[in-house]
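With PDB, C-alpha atoms inside, this is start.pdb:
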```pdb
ATOM      1  CA  MET A   1       0.000   0.000   0.000
ATOM      2  CA  ASP A   2       1.381   3.393  -1.023
ATOM      3  CA  VAL A   3       0.729   6.253   1.420
ATOM      4  CA  THR A   4       1.210   9.920   0.503
ATOM      5  CA  VAL A   5       2.084  12.388   3.269
ATOM      6  CA  GLY A   6       2.514  16.113   2.695
ATOM      7  CA  THR A   7       2.737  19.600   4.135
ATOM      8  CA  PHE A   8       1.241  22.904   2.946
ATOM      9  CA  ASN A   9       1.235  26.386   4.483
ATOM     10  CA  LEU A  10      -2.214  27.686   3.489
ATOM     11  CA  ASN A  11      -1.245  31.323   4.082
ATOM     12  CA  ASN A  12      -3.863  32.791   6.419
ATOM     13  CA  LEU A  13      -6.868  30.556   5.925
ATOM     14  CA  PHE A  14      -9.225  32.749   7.939
ATOM     15  CA  SER A  15     -12.994  32.494   7.783
ATOM     16  CA  ARG A  16     -15.157  35.182   6.208
ATOM     17  CA  PHE A  17     -16.685  35.977   9.615
ATOM     18  CA  ASN A  18     -14.681  38.603  11.483
ATOM     19  CA  PHE A  19     -16.826  39.324  14.514
ATOM     20  CA  ARG A  20     -18.860  37.709  17.257
ATOM     21  CA  ALA A  21     -21.965  39.231  18.783
ATOM     22  CA  GLU A  22     -24.471  38.417  21.482
ATOM     23  CA  ILE A  23     -28.168  38.762  20.631
ATOM     24  CA  SER A  24     -30.667  38.667  23.476
ATOM     25  CA  ALA A  25     -33.761  38.234  21.303
ATOM     26  CA  ILE A  26     -34.717  37.794  17.653
ATOM     27  CA  GLN A  27     -36.220  40.930  16.126
ATOM     28  CA  PRO A  28     -39.671  40.476  14.580
ATOM     29  CA  THR A  29     -39.747  40.464  10.780
ATOM     30  CA  GLU A  30     -42.430  41.522   8.364
ATOM     31  CA  PRO A  31     -45.194  39.060   7.468
ATOM     32  CA  GLY A  32     -43.881  36.383   5.180
ATOM     33  CA  GLY A  33     -40.495  36.288   6.874
ATOM     34  CA  GLY A  34     -37.207  36.821   5.130
ATOM     35  CA  LEU A  35     -33.862  38.281   6.104
ATOM     36  CA  THR A  36     -35.197  41.724   6.907
ATOM     37  CA  ALA A  37     -34.278  42.186  10.564
ATOM     38  CA  SER A  38     -31.305  44.388  11.439
ATOM     39  CA  TYR A  39     -29.376  44.647  14.686
ATOM     40  CA  VAL A  40     -27.452  47.557  16.185
ATOM     41  CA  PHE A  41     -24.720  46.833  18.715
ATOM     42  CA  GLU A  42     -24.231  49.976  20.748
ATOM     43  CA  ASP A  43     -22.863  48.163  23.777
ATOM     44  CA  PRO A  44     -19.201  47.209  23.103
ATOM     45  CA  GLU A  45     -19.640  44.242  25.453
ATOM     46  CA  GLN A  46     -22.090  42.714  22.965
ATOM     47  CA  VAL A  47     -19.702  42.496  20.036
ATOM     48  CA  ARG A  48     -16.085  41.462  19.552
ATOM     49  CA  ILE A  49     -14.195  42.319  16.368
ATOM     50  CA  ARG A  50     -11.259  40.131  15.332
ATOM     51  CA  THR A  51      -8.199  42.335  15.193
ATOM     52  CA  TYR A  52      -4.433  41.913  15.240
ATOM     53  CA  LYS A  53      -2.185  44.888  16.022
ATOM     54  CA  GLY A  54      -5.043  47.266  15.377
ATOM     55  CA  LYS A  55      -6.010  45.817  12.005
ATOM     56  CA  LEU A  56      -9.131  43.873  11.120
ATOM     57  CA  VAL A  57      -8.517  40.147  10.558
ATOM     58  CA  LYS A  58     -10.068  39.468   7.165
ATOM     59  CA  GLY A  59     -11.154  36.190   5.656
ATOM     60  CA  LYS A  60      -9.076  34.611   2.902
ATOM     61  CA  GLU A  61     -10.269  35.750  -0.499
ATOM     62  CA  ALA A  62     -12.610  33.316  -2.234
ATOM     63  CA  GLY A  63     -10.349  33.165  -5.279
ATOM     64  CA  ASP A  64      -7.315  32.269  -3.185
ATOM     65  CA  GLN A  65      -9.300  29.632  -1.292
ATOM     66  CA  LYS A  66     -10.256  28.104  -4.611
ATOM     67  CA  LEU A  67      -6.639  28.072  -5.773
ATOM     68  CA  ILE A  68      -5.291  26.285  -2.701
ATOM     69  CA  ALA A  69      -8.234  23.867  -2.828
ATOM     70  CA  GLU A  70      -7.429  23.047  -6.446
ATOM     71  CA  ARG A  71      -3.816  22.364  -5.533
ATOM     72  CA  ILE A  72      -4.842  20.111  -2.645
ATOM     73  CA  SER A  73      -7.286  18.230  -4.868
ATOM     74  CA  ARG A  74      -4.688  17.724  -7.593
ATOM     75  CA  MET A  75      -2.199  16.284  -5.112
ATOM     76  CA  ASP A  76      -4.886  13.982  -3.687
ATOM     77  CA  LEU A  77      -2.761  13.059  -0.674
ATOM     78  CA  ASP A  78      -3.731  10.593   2.019
ATOM     79  CA  VAL A  79      -2.464  12.750   4.883
ATOM     80  CA  LEU A  80      -1.831  16.500   4.624
ATOM     81  CA  ALA A  81      -0.418  18.614   7.445
ATOM     82  CA  VAL A  82      -1.330  22.285   7.069
ATOM     83  CA  GLN A  83      -0.340  25.525   8.742
ATOM     84  CA  GLU A  84      -1.972  28.938   9.171
ATOM     85  CA  VAL A  85      -5.590  27.874   9.690
ATOM     86  CA  GLU A  86      -7.784  30.029  11.917
ATOM     87  CA  ASP A  87      -9.828  27.388  13.745
ATOM     88  CA  ILE A  88     -11.533  24.020  13.388
ATOM     89  CA  ASP A  89     -14.780  25.518  12.086
ATOM     90  CA  THR A  90     -12.883  27.266   9.294
ATOM     91  CA  LEU A  91     -11.103  24.018   8.452
ATOM     92  CA  ARG A  92     -14.347  22.031   8.439
ATOM     93  CA  PHE A  93     -16.075  24.567   6.201
ATOM     94  CA  PHE A  94     -13.130  24.641   3.803
ATOM     95  CA  ALA A  95     -12.900  20.843   3.667
ATOM     96  CA  ALA A  96     -16.638  20.470   3.060
ATOM     97  CA  GLN A  97     -17.180  23.306   0.598
ATOM     98  CA  GLN A  98     -13.866  23.459  -1.261
ATOM     99  CA  LEU A  99     -12.610  19.871  -1.039
ATOM    100  CA  GLY A 100     -15.937  18.087  -1.394
ATOM    101  CA  GLY A 101     -15.602  16.212   1.873
ATOM    102  CA  SER A 102     -12.664  14.174   0.558
ATOM    103  CA  TYR A 103     -10.924  14.448   3.927
ATOM    104  CA  PRO A 104     -13.262  13.012   6.570
ATOM    105  CA  HIS A 105     -10.710  13.109   9.403
ATOM    106  CA  LEU A 106      -9.669  16.564  10.583
ATOM    107  CA  SER A 107      -7.689  17.718  13.582
ATOM    108  CA  LEU A 108      -6.877  21.212  14.881
ATOM    109  CA  ILE A 109      -6.060  22.478  18.371
ATOM    110  CA  GLU A 110      -5.965  26.192  19.147
ATOM    111  CA  GLY A 111      -2.342  27.202  19.689
ATOM    112  CA  ASN A 112      -0.298  30.129  20.968
ATOM    113  CA  ASP A 113      -0.255  32.468  17.988
ATOM    114  CA  PRO A 114      -1.924  35.864  18.623
ATOM    115  CA  ARG A 115      -2.561  36.155  14.875
ATOM    116  CA  LEU A 116      -4.915  33.140  15.168
ATOM    117  CA  ILE A 117      -2.928  30.847  12.849
ATOM    118  CA  ASP A 118      -2.970  27.219  13.963
ATOM    119  CA  LEU A 119      -1.650  23.819  12.892
ATOM    120  CA  ALA A 120      -4.032  21.207  11.520
ATOM    121  CA  LEU A 121      -4.262  17.873   9.752
ATOM    122  CA  LEU A 122      -6.486  16.652   6.918
ATOM    123  CA  SER A 123      -6.569  12.892   6.530
ATOM    124  CA  LYS A 124      -8.280  10.202   4.511
ATOM    125  CA  PHE A 125      -6.977   7.691   7.043
ATOM    126  CA  PRO A 126      -8.449   7.322  10.535
ATOM    127  CA  LEU A 127      -6.662   9.209  13.297
ATOM    128  CA  GLY A 128      -5.765   8.141  16.802
ATOM    129  CA  PRO A 129      -4.630  10.207  19.794
ATOM    130  CA  VAL A 130      -3.822  13.878  19.212
ATOM    131  CA  THR A 131      -1.388  15.751  21.459
ATOM    132  CA  SER A 132      -0.697  19.478  21.686
ATOM    133  CA  TRP A 133       2.732  20.587  22.924
ATOM    134  CA  GLN A 134       1.872  24.287  23.072
ATOM    135  CA  HIS A 135       2.711  24.443  26.795
ATOM    136  CA  ALA A 136       6.249  23.088  26.340
ATOM    137  CA  VAL A 137       9.132  25.226  27.575
ATOM    138  CA  HIS A 138      12.875  25.390  26.933
ATOM    139  CA  PRO A 139      15.463  25.317  29.769
ATOM    140  CA  GLU A 140      16.729  28.762  28.737
ATOM    141  CA  LEU A 141      13.227  30.238  29.212
ATOM    142  CA  PRO A 142      11.480  27.980  31.732
ATOM    143  CA  ASP A 143       8.661  30.470  32.362
ATOM    144  CA  LYS A 144       7.721  31.037  28.709
ATOM    145  CA  ARG A 145       6.084  28.771  26.148
ATOM    146  CA  VAL A 146       8.659  27.969  23.512
ATOM    147  CA  PHE A 147       6.397  27.329  20.507
ATOM    148  CA  SER A 148       5.086  30.351  18.637
ATOM    149  CA  ARG A 149       2.201  28.197  17.449
ATOM    150  CA  ASP A 150       2.381  24.588  18.636
ATOM    151  CA  LEU A 151       3.870  21.186  17.960
ATOM    152  CA  LEU A 152       0.916  19.024  16.941
ATOM    153  CA  GLU A 153       1.402  15.275  17.381
ATOM    154  CA  VAL A 154      -1.108  12.994  15.654
ATOM    155  CA  GLU A 155      -1.188   9.222  15.355
ATOM    156  CA  VAL A 156      -2.217   8.109  11.853
ATOM    157  CA  LEU A 157      -3.911   4.715  11.837
ATOM    158  CA  ASP A 158      -3.829   1.959   9.251
ATOM    159  CA  PRO A 159      -7.080   2.031   7.207
ATOM    160  CA  ARG A 160      -6.798  -1.736   6.767
ATOM    161  CA  ASP A 161      -6.741  -2.197  10.536
ATOM    162  CA  PRO A 162      -7.650   0.969  12.493
ATOM    163  CA  SER A 163      -6.449  -0.633  15.721
ATOM    164  CA  ARG A 164      -2.894  -0.394  14.368
ATOM    165  CA  ARG A 165      -0.796   2.781  14.311
ATOM    166  CA  LEU A 166       0.746   3.363  10.903
ATOM    167  CA  PHE A 167       3.024   6.221  11.993
ATOM    168  CA  THR A 168       3.073   9.331  14.172
ATOM    169  CA  LEU A 169       3.149  12.758  12.526
ATOM    170  CA  PHE A 170       4.585  15.894  14.141
ATOM    171  CA  ASN A 171       3.343  19.102  12.504
ATOM    172  CA  ASN A 172       5.348  22.319  12.987
ATOM    173  CA  HIS A 173       5.373  26.018  12.205
ATOM    174  CA  LEU A 174       8.536  27.498  13.655
ATOM    175  CA  LYS A 175       9.309  31.126  14.442
ATOM    176  CA  SER A 176       9.196  33.370  11.374
ATOM    177  CA  GLN A 177      12.253  35.228  10.055
ATOM    178  CA  PHE A 178      10.152  38.387   9.781
ATOM    179  CA  VAL A 179      11.500  41.380  11.725
ATOM    180  CA  GLU A 180       8.956  43.992  12.800
ATOM    181  CA  PRO A 181       9.260  47.458  11.202
ATOM    182  CA  GLY A 182      11.278  49.767  13.411
ATOM    183  CA  GLU A 183      13.088  46.886  15.099
ATOM    184  CA  ASP A 184      16.839  46.603  14.771
ATOM    185  CA  PRO A 185      17.310  44.142  11.863
ATOM    186  CA  GLU A 186      20.324  42.339  13.335
ATOM    187  CA  ALA A 187      18.882  42.096  16.836
ATOM    188  CA  GLY A 188      15.516  40.991  15.461
ATOM    189  CA  LYS A 189      17.110  38.282  13.334
ATOM    190  CA  ALA A 190      19.247  37.058  16.228
ATOM    191  CA  ALA A 191      16.198  36.830  18.501
ATOM    192  CA  ALA A 192      14.192  34.927  15.879
ATOM    193  CA  ASP A 193      17.078  32.548  15.222
ATOM    194  CA  THR A 194      17.457  31.881  18.939
ATOM    195  CA  ARG A 195      13.758  31.143  19.280
ATOM    196  CA  ARG A 196      13.842  28.799  16.300
ATOM    197  CA  ARG A 197      16.836  26.977  17.757
ATOM    198  CA  GLN A 198      15.060  26.592  21.099
ATOM    199  CA  GLN A 199      11.955  25.292  19.330
ATOM    200  CA  THR A 200      13.982  22.742  17.357
ATOM    201  CA  GLU A 201      15.807  21.562  20.459
ATOM    202  CA  THR A 202      12.452  21.098  22.176
ATOM    203  CA  ILE A 203      11.123  19.131  19.199
ATOM    204  CA  ALA A 204      14.180  16.880  19.306
ATOM    205  CA  ARG A 205      13.704  16.269  23.031
ATOM    206  CA  ILE A 206      10.021  15.441  22.604
ATOM    207  CA  LEU A 207      10.756  13.138  19.673
ATOM    208  CA  ALA A 208      13.368  11.297  21.687
ATOM    209  CA  GLU A 209      10.827  10.788  24.461
ATOM    210  CA  ARG A 210       7.872   9.923  22.221
ATOM    211  CA  SER A 211       9.254   7.960  19.294
ATOM    212  CA  ARG A 212       8.965   4.692  21.252
ATOM    213  CA  SER A 213      12.332   3.671  19.795
ATOM    214  CA  ASP A 214      10.601   2.291  16.702
ATOM    215  CA  GLY A 215      11.355   5.198  14.369
ATOM    216  CA  ARG A 216       7.868   5.250  12.822
ATOM    217  CA  PHE A 217       7.522   9.024  12.837
ATOM    218  CA  VAL A 218       7.532  11.881  10.348
ATOM    219  CA  VAL A 219       8.289  15.523  11.145
ATOM    220  CA  VAL A 220       6.706  17.995   8.743
ATOM    221  CA  GLY A 221       5.819  21.647   8.463
ATOM    222  CA  ASP A 222       6.982  25.175   7.804
ATOM    223  CA  MET A 223      10.356  25.299   9.566
ATOM    224  CA  ASN A 224      11.069  28.887   8.447
ATOM    225  CA  ASP A 225      14.686  27.987   7.823
ATOM    226  CA  THR A 226      16.748  25.813   5.489
ATOM    227  CA  PRO A 227      17.656  22.196   6.287
ATOM    228  CA  ASP A 228      21.333  23.098   6.730
ATOM    229  CA  ALA A 229      20.650  26.044   9.062
ATOM    230  CA  PRO A 230      22.287  25.888  12.520
ATOM    231  CA  THR A 231      18.880  26.577  14.073
ATOM    232  CA  LEU A 232      17.621  23.154  12.909
ATOM    233  CA  ALA A 233      20.749  21.187  13.819
ATOM    234  CA  ALA A 234      19.253  19.620  16.949
ATOM    235  CA  LEU A 235      16.779  17.743  14.745
ATOM    236  CA  VAL A 236      18.697  17.309  11.511
ATOM    237  CA  ASP A 237      22.049  16.235  12.990
ATOM    238  CA  SER A 238      20.794  14.142  15.896
ATOM    239  CA  ALA A 239      22.431  10.708  15.874
ATOM    240  CA  ASP A 240      19.754   9.415  18.232
ATOM    241  CA  LEU A 241      16.825  10.495  16.029
ATOM    242  CA  ASP A 242      18.590   9.597  12.767
ATOM    243  CA  VAL A 243      16.134  11.468  10.530
ATOM    244  CA  THR A 244      16.310  11.528   6.730
ATOM    245  CA  ASP A 245      15.449  14.496   4.513
ATOM    246  CA  GLY A 246      12.459  13.289   2.525
ATOM    247  CA  LEU A 247      12.767  16.197   0.074
ATOM    248  CA  ASP A 248      16.424  15.799  -0.800
ATOM    249  CA  HIS A 249      15.686  15.037  -4.468
ATOM    250  CA  PRO A 250      12.098  16.081  -5.209
ATOM    251  CA  VAL A 251      10.260  15.942  -8.506
ATOM    252  CA  GLU A 252       8.558  19.210  -9.511
ATOM    253  CA  THR A 253       5.029  18.971 -10.890
ATOM    254  CA  ARG A 254       5.867  21.674 -13.456
ATOM    255  CA  GLU A 255       8.766  23.871 -14.506
ATOM    256  CA  PRO A 256       9.268  26.893 -12.221
ATOM    257  CA  LYS A 257       8.750  30.397 -13.557
ATOM    258  CA  PRO A 258      11.879  31.997 -15.058
ATOM    259  CA  ASP A 259      13.615  34.363 -12.676
ATOM    260  CA  THR A 260      16.861  36.219 -11.989
ATOM    261  CA  PRO A 261      18.687  34.501 -10.478
ATOM    262  CA  PRO A 262      17.040  31.258 -11.595
ATOM    263  CA  PRO A 263      15.561  28.866  -9.029
ATOM    264  CA  PRO A 264      17.846  26.108  -7.699
ATOM    265  CA  PRO A 265      18.271  23.333 -10.280
ATOM    266  CA  SER A 266      17.656  20.728  -7.569
ATOM    267  CA  GLY A 267      14.030  21.824  -7.269
ATOM    268  CA  ALA A 268      14.363  21.564  -3.485
ATOM    269  CA  TRP A 269      12.624  24.817  -2.577
ATOM    270  CA  THR A 270       9.112  25.702  -1.463
ATOM    271  CA  HIS A 271       9.358  29.398  -0.590
ATOM    272  CA  ARG A 272      10.362  32.390  -2.724
ATOM    273  CA  PHE A 273      11.105  35.714  -1.047
ATOM    274  CA  LYS A 274      11.800  38.889  -3.020
ATOM    275  CA  GLU A 275      12.806  42.125  -1.356
ATOM    276  CA  ALA A 276      12.639  45.328  -3.374
ATOM    277  CA  GLY A 277      15.896  45.923  -5.205
ATOM    278  CA  ARG A 278      17.315  42.519  -4.246
ATOM    279  CA  PRO A 279      17.437  39.174  -6.061
ATOM    280  CA  ALA A 280      14.866  36.553  -5.169
ATOM    281  CA  LYS A 281      15.740  33.917  -2.557
ATOM    282  CA  TYR A 282      14.576  30.339  -3.032
ATOM    283  CA  GLU A 283      14.568  28.200   0.114
ATOM    284  CA  LEU A 284      13.224  24.891   1.353
ATOM    285  CA  PHE A 285      11.219  26.105   4.338
ATOM    286  CA  ASP A 286       8.534  23.401   4.115
ATOM    287  CA  GLN A 287      10.170  20.144   5.065
ATOM    288  CA  ILE A 288       9.549  16.435   5.617
ATOM    289  CA  TRP A 289      11.862  14.461   7.893
ATOM    290  CA  LEU A 290      11.459  10.701   8.093
ATOM    291  CA  GLY A 291      12.287   8.542  11.100
ATOM    292  CA  PRO A 292      14.652   5.591  10.610
ATOM    293  CA  GLN A 293      11.845   3.070  10.103
ATOM    294  CA  LEU A 294      10.049   5.220   7.524
ATOM    295  CA  ALA A 295      13.024   6.367   5.449
ATOM    296  CA  PRO A 296      13.541   2.936   3.791
ATOM    297  CA  ARG A 297       9.870   2.963   2.815
ATOM    298  CA  GLN A 298      10.147   6.137   0.738
ATOM    299  CA  LYS A 299       9.409   5.709  -2.966
ATOM    300  CA  GLY A 300       9.347   9.323  -4.087
ATOM    301  CA  ALA A 301       9.195  13.029  -3.233
ATOM    302  CA  PHE A 302       7.279  15.810  -4.975
ATOM    303  CA  ILE A 303       6.737  19.562  -4.853
ATOM    304  CA  ASP A 304       3.699  21.139  -6.493
ATOM    305  CA  ARG A 305       5.229  24.096  -8.278
ATOM    306  CA  ARG A 306       3.315  27.381  -8.443
ATOM    307  CA  THR A 307       2.321  28.948 -11.752
ATOM    308  CA  ARG A 308       3.285  32.513 -10.760
ATOM    309  CA  HIS A 309       5.908  34.115  -8.554
ATOM    310  CA  GLY A 310       3.381  35.419  -6.048
ATOM    311  CA  GLY A 311       2.002  31.932  -5.527
ATOM    312  CA  ASP A 312      -1.280  30.209  -6.312
ATOM    313  CA  GLY A 313      -3.244  31.097  -3.184
ATOM    314  CA  SER A 314      -0.164  30.756  -0.980
ATOM    315  CA  ASP A 315       3.432  31.970  -0.990
ATOM    316  CA  HIS A 316       4.490  28.409  -0.133
ATOM    317  CA  ASP A 317       4.525  25.382  -2.416
ATOM    318  CA  PRO A 318       3.213  22.129  -0.938
ATOM    319  CA  ALA A 319       5.466  19.083  -0.773
ATOM    320  CA  TRP A 320       4.871  15.389  -0.177
ATOM    321  CA  VAL A 321       6.478  11.984  -0.040
ATOM    322  CA  VAL A 322       5.283   8.530  -1.040
ATOM    323  CA  LEU A 323       5.780   5.720   1.479
ATOM    324  CA  GLU A 324       5.224   2.017   0.946
ATOM    325  CA  PHE A 325       3.605  -0.062   3.671
TER     326      PHE A 325
END
```
Once you've parsed the file, please lay out its structure as structure tokens.
Amino acid sequence: MDVTVGTFNLNNLFSRFNFRAEISAIQPTEPGGGLTASYVFEDPEQVRIRTYKGKLVKGKEAGDQKLIAERISRMDLDVLAVQEVEDIDTLRFFAAQQLGGSYPHLSLIEGNDPRLIDLALLSKFPLGPVTSWQHAVHPELPDKRVFSRDLLEVEVLDPRDPSRRLFTLFNNHLKSQFVEPGEDPEAGKAAADTRRRQQTETIARILAERSRSDGRFVVVGDMNDTPDAPTLAALVDSADLDVTDGLDHPVETREPKPDTPPPPPSGAWTHRFKEAGRPAKYELFDQIWLGPQLAPRQKGAFIDRRTRHGGDGSDHDPAWVVLEF
């Protein structure tokens, strides 16, 4: 049995609803009914607007939702880890309306991010226990949660025998490289790199404790750094974990758009970043790391290449591997 496992940053999959309100009673409507009643919320305690840093949190544009849904449908993966989803209701609505209910097993736990972006899983296979590590801390900051979002651990079960665990998936979205306007660029980068290192070290510790010594695990997600970055060394270079880069030699679904400089010939990139007046940077931020019992099962690796530089509904390209069980 071939099993496809992937990762995709959906780039702010927020719902179209941006407020919550309390209504004490339904207003009477005209005879015959209809959507004619209107409500005025003069008491600020009755309504809550979704904002982040003083700006309204807006739903993802319908056209962009359609684009990412088309990409997900084309890949037709068995298990897809996603990042930047607002909440479980948004995920359920998206899966039902945009993906036609093709993913009956969904999982999302609200995490730490103040921007409301969470980690989630869409699966055609049954799921077992789900664990959130959002309360984990690092020894250097024992009083502060280390994960910007979460580390979401999900057991994926064998559809042929749902009492049997197929593998355990760890979904990630590490600290961004973005430095806030007005912040010292070097200090901001150093702080972000330190946080990402602490997050990776915590992931490695949790994996060592939770992998049950059988190596049937996969670590996926938006790592916000390259596989050879020092910030990811605790995971990548761990002799105890012995992980393998599942995207070392990926196949691209289409030729990348021409650019200056051109994209890496290896095809091992999922994120393009272009600052004004500077050349574009192509980096493999979205990664798949296979435990020692899954690496020998790998049959292939793929990246769904975008059709335009800005991205097709997301500034990340999804990636996946094929495993044989």
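Picked by the PyMOL selection byres ((chain A and resi 226) around 6) from the coordinates shown: Asp225, Pro227, Asp228, Ala229, Leu284 and Phe285 of chain A.
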Selection dump of the PyMOL selection byres ((chain A and resi 258-271) around 9), as a ChimeraX atom specification: /A:247-252,255-257,272-273,279-287,303-305,309,315-319
Residue by residue, what does the PyMOL selection byres ((chain A and resi 177-193) around 8) grab here? Present the result as number ranges by chain. A: 175-176, 194-197, 224-225, 231
What lies within 9 Å of region 2-5 of chain A using only C-alpha atoms, ignoring chain neighbours under 5 positions off, as a PyMOL selection string? chain A and resi 76-81+218+288+299+319-325
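As for CA of Gly215 (chain A) and CA of Gln293 (chain A), they are spaced 4.8 Å apart.
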Interatomic distance (Å, one decimal) between CA of Lys66 (chain A) and CA of Gln98 (chain A): 6.8 Å
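Taking CA of Asp161 (chain A) and CA of His105 (chain A) as endpoints, the distance between them is 15.9 Å.
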Near region 141-153 of chain A, counting all atoms listed in the file, which residues have an atom at most 7 Å away, once you skip same-chain residues fewer than 6 positions from it, shown as a ChimeraX atom specification? /A:111-113,118-119,130-135,168-175,198-199
Would you export the selected residues with C-alpha atoms as a PDB file, keeping the file's coordinate frame, please?
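The resulting selection_7.pdb:
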```
ATOM      1  CA  GLY A 111      -2.342  27.202  19.689  1.00  0.00           C
ATOM      2  CA  ASN A 112      -0.298  30.129  20.968  1.00  0.00           C
ATOM      3  CA  ASP A 113      -0.255  32.468  17.988  1.00  0.00           C
ATOM      4  CA  ASP A 118      -2.970  27.219  13.963  1.00  0.00           C
ATOM      5  CA  LEU A 119      -1.650  23.819  12.892  1.00  0.00           C
ATOM      6  CA  VAL A 130      -3.822  13.878  19.212  1.00  0.00           C
ATOM      7  CA  THR A 131      -1.388  15.751  21.459  1.00  0.00           C
ATOM      8  CA  SER A 132      -0.697  19.478  21.686  1.00  0.00           C
ATOM      9  CA  TRP A 133       2.732  20.587  22.924  1.00  0.00           C
ATOM     10  CA  GLN A 134       1.872  24.287  23.072  1.00  0.00           C
ATOM     11  CA  HIS A 135       2.711  24.443  26.795  1.00  0.00           C
ATOM     12  CA  THR A 168       3.073   9.331  14.172  1.00  0.00           C
ATOM     13  CA  LEU A 169       3.149  12.758  12.526  1.00  0.00           C
ATOM     14  CA  PHE A 170       4.585  15.894  14.141  1.00  0.00           C
ATOM     15  CA  ASN A 171       3.343  19.102  12.504  1.00  0.00           C
ATOM     16  CA  ASN A 172       5.348  22.319  12.987  1.00  0.00           C
ATOM     17  CA  HIS A 173       5.373  26.018  12.205  1.00  0.00           C
ATOM     18  CA  LEU A 174       8.536  27.498  13.655  1.00  0.00           C
ATOM     19  CA  LYS A 175       9.309  31.126  14.442  1.00  0.00           C
ATOM     20  CA  GLN A 198      15.060  26.592  21.099  1.00  0.00           C
ATOM     21  CA  GLN A 199      11.955  25.292  19.330  1.00  0.00           C
TER      22      GLN A 199
END
```
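Residue nearest Ala208 (chain A), chosen from A:Gln27, A:Thr7, A:Ser238, A:Gln97 and counting all atoms listed in the file: A:Ser238.
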Have a look at A:Val219, A:Ala204, A:Val156, A:Ile68 and name the one nearest to Ala233 (chain A); count all atoms listed in the file. A:Ala204
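Summary of the local environment: counting all atoms listed in the file, residues at most 9 Å from Leu116 (chain A), other than itself and those fewer than 4 positions away along its chain, are Asn12, Phe14, Tyr52, Glu84, Val85, Glu86, Asp87, Glu110, Gly111, Asn112 and Arg149 of chain A.
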Exercise: residues within 8 Å of coordinate (1.1, 4.6, 12.8), counting all atoms listed in the file, as a short mmCIF file (atom, residue, chain, number, x, y, z; two decimals) with C-alpha atoms, in the frame of the given file:
```cif
data_model
loop_
_atom_site.label_atom_id
_atom_site.label_comp_id
_atom_site.auth_asym_id
_atom_site.auth_seq_id
_atom_site.Cartn_x
_atom_site.Cartn_y
_atom_site.Cartn_z
CA GLU A 155 -1.19 9.22 15.36
CA VAL A 156 -2.22 8.11 11.85
CA LEU A 157 -3.91 4.72 11.84
CA ASP A 158 -3.83 1.96 9.25
CA ARG A 164 -2.89 -0.39 14.37
CA ARG A 165 -0.80 2.78 14.31
CA LEU A 166 0.75 3.36 10.90
CA PHE A 167 3.02 6.22 11.99
CA THR A 168 3.07 9.33 14.17
CA ARG A 216 7.87 5.25 12.82
CA PHE A 217 7.52 9.02 12.84
#
```
